[in-house]
>>> print(open('structure.cif').read())   # mmCIF, C-alpha atoms
data_upload
#
loop_
_atom_site.label_atom_id
_atom_site.label_comp_id
_atom_site.auth_asym_id
_atom_site.auth_seq_id
_atom_site.Cartn_x
_atom_site.Cartn_y
_atom_site.Cartn_z
CA MET N 1 -17.46 -12.48 -2.36
CA GLN N 2 -17.13 -14.76 0.66
CA ARG N 3 -15.97 -13.13 3.87
CA ALA N 4 -13.46 -14.63 6.25
CA VAL N 5 -15.19 -16.71 8.92
CA ASP N 6 -13.31 -14.96 11.73
CA GLN N 7 -11.89 -11.47 11.57
CA ARG N 8 -11.16 -8.95 14.29
CA GLU N 9 -11.14 -5.20 13.76
CA ARG N 10 -9.75 -2.61 16.14
CA PRO N 11 -8.50 0.97 16.07
CA ILE N 12 -4.79 1.61 16.52
CA ALA N 13 -2.65 4.67 17.17
CA ILE N 14 0.99 5.06 16.15
CA SER N 15 3.52 7.73 17.07
CA ALA N 16 5.51 9.08 14.12
CA GLY N 17 7.94 11.93 14.65
CA GLY N 18 5.80 13.47 17.35
CA ALA N 19 2.53 13.01 15.44
CA ARG N 20 -0.17 10.63 16.66
CA LEU N 21 -1.61 8.77 13.70
CA LEU N 22 -4.89 6.86 13.83
CA GLY N 23 -5.70 3.72 11.91
CA ASP N 24 -7.82 0.59 11.64
CA LEU N 25 -6.35 -2.90 11.93
CA THR N 26 -8.22 -5.94 10.65
CA LEU N 27 -6.91 -9.39 11.54
CA PRO N 28 -8.37 -12.52 9.92
CA ALA N 29 -7.94 -15.89 11.53
CA GLU N 30 -4.39 -17.17 10.93
CA PRO N 31 -3.20 -14.23 8.78
CA ARG N 32 -0.68 -14.98 6.04
CA GLY N 33 0.73 -11.47 5.81
CA LEU N 34 0.07 -7.84 6.64
CA VAL N 35 -0.69 -5.06 4.14
CA VAL N 36 -0.27 -1.41 5.12
CA PHE N 37 -2.35 1.05 3.10
CA ALA N 38 -1.01 4.51 2.23
CA HIS N 39 -3.56 7.10 1.12
CA GLY N 40 -2.85 10.30 -0.72
CA SER N 41 -4.28 13.31 -2.51
CA GLY N 42 -6.61 14.37 0.28
CA SER N 43 -7.93 10.89 1.06
CA SER N 44 -7.99 9.10 4.42
CA ARG N 45 -8.38 5.67 5.95
CA MET N 46 -12.11 5.99 5.26
CA SER N 47 -11.55 5.87 1.49
CA PRO N 48 -14.30 3.55 0.18
CA ARG N 49 -12.09 2.33 -2.68
CA ASN N 50 -9.20 1.37 -0.43
CA ARG N 51 -11.56 -0.18 2.09
CA ALA N 52 -13.07 -2.33 -0.64
CA VAL N 53 -9.63 -3.56 -1.67
CA ALA N 54 -8.64 -4.11 1.97
CA GLN N 55 -11.73 -6.24 2.59
CA ALA N 56 -10.90 -8.37 -0.45
CA LEU N 57 -7.45 -8.99 1.04
CA VAL N 58 -8.86 -9.83 4.47
CA ASP N 59 -11.27 -12.28 2.88
CA THR N 60 -8.29 -14.29 1.63
CA GLY N 61 -6.38 -14.27 4.91
CA LEU N 62 -4.30 -11.09 4.80
CA ALA N 63 -4.31 -8.64 7.69
CA THR N 64 -4.70 -4.99 6.74
CA VAL N 65 -3.91 -1.64 8.32
CA LEU N 66 -5.51 1.54 6.99
CA MET N 67 -3.78 4.59 8.46
CA ASP N 68 -4.45 8.30 8.38
CA LEU N 69 -1.02 9.60 7.44
CA LEU N 70 -1.96 13.14 8.48
CA THR N 71 -3.26 14.27 11.87
CA GLY N 72 -6.61 16.01 12.13
CA GLU N 73 -4.88 19.38 12.42
CA GLU N 74 -2.72 18.64 9.38
CA GLU N 75 -5.74 17.57 7.35
CA ALA N 76 -7.42 20.88 8.15
CA VAL N 77 -4.35 22.74 6.89
CA ASP N 78 -4.12 20.56 3.81
CA LEU N 79 -7.72 21.29 2.88
CA ARG N 80 -6.69 24.92 2.55
CA THR N 81 -3.19 24.61 1.11
CA ARG N 82 -3.25 21.16 -0.60
CA HIS N 83 0.51 20.83 -0.04
CA LEU N 84 0.84 18.12 2.61
CA ARG N 85 -0.78 15.51 0.36
CA PHE N 86 2.19 15.99 -1.99
CA ASP N 87 4.81 15.85 0.76
CA VAL N 88 5.74 12.27 -0.11
CA GLU N 89 8.84 12.33 2.10
CA LEU N 90 6.65 13.05 5.13
CA LEU N 91 4.10 10.45 4.08
CA GLY N 92 6.87 7.93 3.41
CA ARG N 93 8.38 8.45 6.85
CA ARG N 94 5.01 7.82 8.39
CA VAL N 95 4.48 4.60 6.48
CA VAL N 96 7.94 3.52 7.67
CA ALA N 97 6.96 4.41 11.25
CA THR N 98 3.80 2.32 10.85
CA VAL N 99 5.75 -0.68 9.55
CA ASP N 100 8.25 -0.35 12.40
CA ALA N 101 5.57 -0.04 15.08
CA LEU N 102 3.60 -3.02 13.83
CA GLY N 103 6.75 -5.14 13.79
CA SER N 104 6.83 -5.15 17.59
CA GLU N 105 3.21 -6.22 18.01
CA PRO N 106 2.76 -9.68 19.60
CA GLY N 107 0.85 -12.16 17.52
CA PHE N 108 1.31 -10.57 14.10
CA GLY N 109 4.49 -8.48 14.25
CA ALA N 110 6.53 -11.17 12.50
CA LEU N 111 4.22 -11.37 9.48
CA PRO N 112 5.71 -10.45 6.10
CA VAL N 113 4.58 -6.94 5.12
CA GLY N 114 3.27 -5.47 1.90
CA THR N 115 2.39 -1.85 1.17
CA PHE N 116 -0.52 -0.63 -0.95
CA GLY N 117 -0.55 2.96 -2.16
CA ALA N 118 -3.09 5.02 -4.05
CA SER N 119 -2.39 8.36 -5.77
CA THR N 120 0.49 10.13 -3.94
CA GLY N 121 0.32 7.36 -1.33
CA ALA N 122 1.93 5.08 -3.91
CA ALA N 123 5.14 7.09 -3.60
CA ALA N 124 4.98 6.75 0.19
CA ALA N 125 4.47 2.99 -0.14
CA LEU N 126 7.53 2.74 -2.36
CA ILE N 127 9.65 4.90 -0.05
CA ALA N 128 8.79 2.54 2.80
CA ALA N 129 9.82 -0.43 0.67
CA ALA N 130 13.11 1.28 -0.17
CA ASP N 131 13.84 2.16 3.47
CA ARG N 132 12.74 -1.18 4.95
CA PRO N 133 13.71 -3.83 2.39
CA GLU N 134 13.99 -6.48 5.10
CA ARG N 135 10.36 -5.92 6.15
CA VAL N 136 8.44 -4.89 3.02
CA HIS N 137 8.21 -7.82 0.60
CA ALA N 138 5.68 -6.54 -1.95
CA VAL N 139 4.16 -3.26 -3.18
CA VAL N 140 0.96 -2.51 -5.09
CA SER N 141 0.07 0.90 -6.53
CA ARG N 142 -3.50 1.79 -7.61
CA GLY N 143 -3.73 4.79 -9.92
CA GLY N 144 -0.60 5.98 -8.19
CA ARG N 145 2.15 8.50 -8.63
CA PRO N 146 5.23 6.28 -8.15
CA ASP N 147 7.28 8.89 -10.01
CA LEU N 148 7.06 11.12 -6.92
CA ALA N 149 9.22 8.61 -5.01
CA GLY N 150 12.19 10.00 -6.96
CA ASP N 151 15.58 8.55 -6.05
CA ALA N 152 13.94 5.93 -3.81
CA LEU N 153 12.77 4.00 -6.89
CA ALA N 154 16.29 2.76 -7.57
CA ARG N 155 16.35 1.24 -4.06
CA VAL N 156 13.06 -0.63 -4.27
CA THR N 157 13.81 -4.34 -4.53
CA ALA N 158 10.38 -5.57 -3.40
CA PRO N 159 8.24 -6.92 -6.27
CA THR N 160 6.03 -4.03 -7.35
CA LEU N 161 2.70 -4.11 -9.17
CA LEU N 162 1.54 -0.87 -10.81
CA ILE N 163 -2.18 -0.79 -11.66
CA VAL N 164 -3.42 2.01 -13.92
CA GLY N 165 -6.66 2.65 -15.76
CA GLU N 166 -6.54 2.50 -19.55
CA ARG N 167 -8.28 5.89 -19.73
CA ASP N 168 -5.81 7.62 -17.42
CA PRO N 169 -3.11 8.47 -19.99
CA GLN N 170 -0.98 10.93 -18.01
CA VAL N 171 -0.74 8.66 -14.97
CA LEU N 172 -0.09 5.69 -17.26
CA ARG N 173 2.85 7.53 -18.82
CA LEU N 174 4.26 8.46 -15.41
CA ASN N 175 3.95 4.85 -14.23
CA ARG N 176 5.82 3.56 -17.26
CA GLU N 177 8.62 6.04 -16.60
CA ALA N 178 8.77 5.11 -12.90
CA GLN N 179 8.73 1.37 -13.65
CA ALA N 180 11.91 1.73 -15.69
CA LEU N 181 13.68 3.05 -12.57
CA LEU N 182 12.65 0.31 -10.14
CA ALA N 183 15.47 -1.93 -8.97
CA GLY N 184 13.44 -5.09 -8.48
CA GLU N 185 10.77 -7.12 -10.22
CA SER N 186 7.84 -5.06 -11.47
CA ARG N 187 4.69 -5.36 -13.54
CA LEU N 188 2.43 -2.73 -15.05
CA GLU N 189 -1.21 -3.82 -15.29
CA VAL N 190 -3.58 -1.66 -17.35
CA VAL N 191 -7.27 -2.12 -16.49
CA PRO N 192 -9.31 -1.88 -19.74
CA GLY N 193 -11.77 1.00 -19.90
CA ALA N 194 -10.94 2.28 -16.41
CA THR N 195 -10.38 5.93 -15.52
CA HIS N 196 -8.30 7.30 -12.65
CA LEU N 197 -10.70 6.38 -9.83
CA PHE N 198 -11.69 2.96 -11.25
CA GLU N 199 -15.36 3.88 -10.96
CA GLU N 200 -16.44 1.83 -13.99
CA PRO N 201 -18.36 -1.44 -13.41
CA GLY N 202 -15.94 -4.20 -12.47
CA ALA N 203 -12.84 -1.96 -12.50
CA LEU N 204 -12.27 -1.85 -8.75
CA GLU N 205 -13.00 -5.55 -8.46
CA ARG N 206 -10.23 -6.12 -11.01
CA VAL N 207 -7.87 -4.00 -8.92
CA ALA N 208 -8.73 -6.04 -5.82
CA ALA N 209 -8.17 -9.34 -7.64
CA LEU N 210 -4.79 -8.22 -8.99
CA ALA N 211 -3.65 -6.95 -5.59
CA ARG N 212 -4.85 -10.10 -3.85
CA GLU N 213 -2.94 -12.37 -6.22
CA TRP N 214 0.22 -10.25 -5.99
CA PHE N 215 0.30 -10.09 -2.19
CA LEU N 216 -0.66 -13.71 -1.59
CA ARG N 217 2.11 -14.97 -3.84
CA ARG N 218 4.88 -12.65 -2.64
CA LEU N 219 4.02 -12.53 1.06
CA GLY N 220 3.40 -16.26 1.07
CA ALA N 221 6.87 -16.85 -0.37
CA ALA N 222 8.41 -14.52 2.22
CA ALA N 223 6.63 -16.32 5.07
CA ALA N 224 7.79 -19.71 3.79
CA ALA N 225 11.44 -18.67 3.51
CA PRO N 226 12.01 -15.54 5.63
CA ASP N 227 15.75 -16.02 5.93
CA VAL N 228 16.48 -16.74 2.29
CA SER N 229 17.37 -13.91 -0.10
CA ARG N 230 14.44 -13.34 -2.43
CA LYS N 231 14.89 -13.55 -6.17
CA VAL N 232 12.69 -12.07 -8.83
CA ASP N 233 10.75 -14.34 -11.12
#
>>> encode(input="structure.cif", output="structure tokens")
Amino acid sequence: MQRAVDQRERPIAISAGGARLLGDLTLPAEPRGLVVFAHGSGSSRMSPRNRAVAQALVDTGLATVLMDLLTGEEEAVDLRTRHLRFDVELLGRRVVATVDALGSEPGFGALPVGTFGASTGAAAALIAAADRPERVHAVVSRGGRPDLAGDALARVTAPTLLIVGERDPQVLRLNREAQALLAGESRLEVVPGATHLFEEPGALERVAALAREWFLRRLGAAAAAPDVSRKVD
């Protein structure tokens, strides 16, 4: 996979409801859009799977932000209680805060935004799309729990791609049920032979390719016509 000739990486910090969240921003030369990653189920911005997908996006000209949606103190509590990782309303608010904060950044704040969520982070990504329809123009879920977004699903108008492993039957069923509730364009992509973590040879690469195609098309369209109401295909 060819890497972008010029890309800049730097840490960022965002204030969200009194919490200071840490993240990593990667900017390729002349970015076409910005994708905010939402982790879940005890993961963090250091998730190797999400970092692999993020690099694939950067390689094609998309800026990425990988955020820790919990503070260090909260992560320590969650390791014991395992409840904050399922607090999708909290995680959703923090993705919204990230989208809002990045919108004021000079140089890339005006870029069309996509959100990428894994596991419970998928619900947070969808909540952000529901709450910021004018900013979030595409959503991708990897092995996610979009069903946890609840009533927000009916307010998601951004085109949404749900990626699930063929050998992840419970999550596949939940994704099908959630897809039926989405207000906008959606597609369910089942990766053959893949389990929940997409650890099989070629599975994660397939996820990255699907996400790349989805974001490039939708964010590219939003950048070309930012003031025109978007229509589904």
>>> closest_residue(input="structure.cif", among="N:Ala76, N:Gly220, N:Glu134, N:Gly165", to="Gly202 in chain N", atoms="all atoms listed in the file")
N:Gly165
>>> closest_residue(input="structure.cif", among="N:Thr98, N:Thr195, N:Gln55, N:Asn50", to="Gly117 in chain N", atoms="all atoms listed in the file")
N:Asn50
>>> closest_residue(input="structure.cif", among="N:Ser104, N:Ser47, N:Thr71, N:Thr157", to="Ile127 in chain N", atoms="all atoms listed in the file")
N:Thr157
>>> resolve_selection(input="structure.cif", expression="the PyMOL selection byres ((chain N and resi 133) around 12)", output="VMD selection string")
chain N and resid 96 99 to 100 112 to 115 125 to 132 134 to 139 152 155 to 159 183 to 184 222 229 to 230
>>> closest_residue(input="structure.cif", among="N:Arg82, N:Leu102, N:Asp168, N:Ile14", to="Asp68 in chain N", atoms="only C-alpha atoms")
N:Ile14
>>> residues_around(input="structure.cif", residues="Arg167 in chain N", least_positions_apart="6", cutoff="10 Å", atoms="only C-alpha atoms", output="list in words")
Val190, Val191, Pro192, Gly193, Ala194, Thr195, His196 and Phe198 of chain N
>>> write_last_selection(input="structure.cif", atoms="C-alpha atoms", output="mmCIF file, keeping the file's coordinate frame")
data_model
loop_
_atom_site.group_PDB
_atom_site.id
_atom_site.type_symbol
_atom_site.label_atom_id
_atom_site.label_comp_id
_atom_site.auth_asym_id
_atom_site.auth_seq_id
_atom_site.Cartn_x
_atom_site.Cartn_y
_atom_site.Cartn_z
ATOM 1 C CA VAL N 190 -3.580 -1.660 -17.350
ATOM 2 C CA VAL N 191 -7.270 -2.120 -16.490
ATOM 3 C CA PRO N 192 -9.310 -1.880 -19.740
ATOM 4 C CA GLY N 193 -11.770 1.000 -19.900
ATOM 5 C CA ALA N 194 -10.940 2.280 -16.410
ATOM 6 C CA THR N 195 -10.380 5.930 -15.520
ATOM 7 C CA HIS N 196 -8.300 7.300 -12.650
ATOM 8 C CA PHE N 198 -11.690 2.960 -11.250
#
>>> residues_around(input="structure.cif", residues="Leu148 in chain N", least_positions_apart="5", cutoff="9 Å", atoms="only C-alpha atoms", output="ChimeraX atom specification")
/N:86,88,120,122-124,178
>>> resolve_selection(input="structure.cif", expression="the PyMOL selection byres ((chain N and resi 204) around 10)", output="PDB file with C-alpha atoms, keeping the file's coordinate frame")
ATOM      1  CA  ARG N  49     -12.090   2.330  -2.680  1.00  0.00           C
ATOM      2  CA  ASN N  50      -9.200   1.370  -0.430  1.00  0.00           C
ATOM      3  CA  ALA N  52     -13.070  -2.330  -0.640  1.00  0.00           C
ATOM      4  CA  VAL N  53      -9.630  -3.560  -1.670  1.00  0.00           C
ATOM      5  CA  ARG N 142      -3.500   1.790  -7.610  1.00  0.00           C
ATOM      6  CA  VAL N 191      -7.270  -2.120 -16.490  1.00  0.00           C
ATOM      7  CA  ALA N 194     -10.940   2.280 -16.410  1.00  0.00           C
ATOM      8  CA  LEU N 197     -10.700   6.380  -9.830  1.00  0.00           C
ATOM      9  CA  PHE N 198     -11.690   2.960 -11.250  1.00  0.00           C
ATOM     10  CA  GLU N 199     -15.360   3.880 -10.960  1.00  0.00           C
ATOM     11  CA  GLU N 200     -16.440   1.830 -13.990  1.00  0.00           C
ATOM     12  CA  PRO N 201     -18.360  -1.440 -13.410  1.00  0.00           C
ATOM     13  CA  GLY N 202     -15.940  -4.200 -12.470  1.00  0.00           C
ATOM     14  CA  ALA N 203     -12.840  -1.960 -12.500  1.00  0.00           C
ATOM     15  CA  GLU N 205     -13.000  -5.550  -8.460  1.00  0.00           C
ATOM     16  CA  ARG N 206     -10.230  -6.120 -11.010  1.00  0.00           C
ATOM     17  CA  VAL N 207      -7.870  -4.000  -8.920  1.00  0.00           C
ATOM     18  CA  ALA N 208      -8.730  -6.040  -5.820  1.00  0.00           C
ATOM     19  CA  ALA N 209      -8.170  -9.340  -7.640  1.00  0.00           C
ATOM     20  CA  LEU N 210      -4.790  -8.220  -8.990  1.00  0.00           C
TER      21      LEU N 210
END
>>> atom_distance(input="structure.cif", atom1="CA of Pro106 in chain N", atom2="CA of Ala118 in chain N")
28.5 Å
>>> atom_distance(input="structure.cif", atom1="CA of Leu25 in chain N", atom2="CA of Leu111 in chain N")
13.8 Å
>>> resolve_selection(input="structure.cif", expression="the PyMOL selection byres ((chain N and resi 147) around 9)", output="PDB file with C-alpha atoms, keeping the file's coordinate frame")
ATOM      1  CA  ALA N 122       1.930   5.080  -3.910  1.00  0.00           C
ATOM      2  CA  ALA N 123       5.140   7.090  -3.600  1.00  0.00           C
ATOM      3  CA  GLY N 144      -0.600   5.980  -8.190  1.00  0.00           C
ATOM      4  CA  ARG N 145       2.150   8.500  -8.630  1.00  0.00           C
ATOM      5  CA  PRO N 146       5.230   6.280  -8.150  1.00  0.00           C
ATOM      6  CA  LEU N 148       7.060  11.120  -6.920  1.00  0.00           C
ATOM      7  CA  ALA N 149       9.220   8.610  -5.010  1.00  0.00           C
ATOM      8  CA  GLY N 150      12.190  10.000  -6.960  1.00  0.00           C
ATOM      9  CA  LEU N 153      12.770   4.000  -6.890  1.00  0.00           C
ATOM     10  CA  LEU N 174       4.260   8.460 -15.410  1.00  0.00           C
ATOM     11  CA  ASN N 175       3.950   4.850 -14.230  1.00  0.00           C
ATOM     12  CA  GLU N 177       8.620   6.040 -16.600  1.00  0.00           C
ATOM     13  CA  ALA N 178       8.770   5.110 -12.900  1.00  0.00           C
ATOM     14  CA  GLN N 179       8.730   1.370 -13.650  1.00  0.00           C
TER      15      GLN N 179
END
>>> closest_atom_pairs(input="structure.cif", of="range 165-189 of chain N", to="range 213-218 of chain N", cutoff="12 Å", atoms="all atoms listed in the file", output="tab-separated table")
residue	atom	partner	partner_atom	distance
N:Glu185	CA	N:Arg218	CA	11.1
N:Ser186	CA	N:Trp214	CA	10.7
N:Arg187	CA	N:Trp214	CA	10.0
N:Leu188	CA	N:Trp214	CA	12.0
N:Glu189	CA	N:Trp214	CA	11.4
>>> atom_distance(input="structure.cif", atom1="CA of Ile163 in chain N", atom2="CA of Phe116 in chain N")
10.8 Å
>>> closest_residue(input="structure.cif", among="N:Ala101, N:Met46, N:Gly121, N:Thr60", to="Ile12 in chain N", atoms="all atoms listed in the file")
N:Ala101
>>> closest_residue(input="structure.cif", among="N:Ser119, N:Leu84, N:Leu69, N:Gln170", to="Ala13 in chain N", atoms="all atoms listed in the file")
N:Leu69
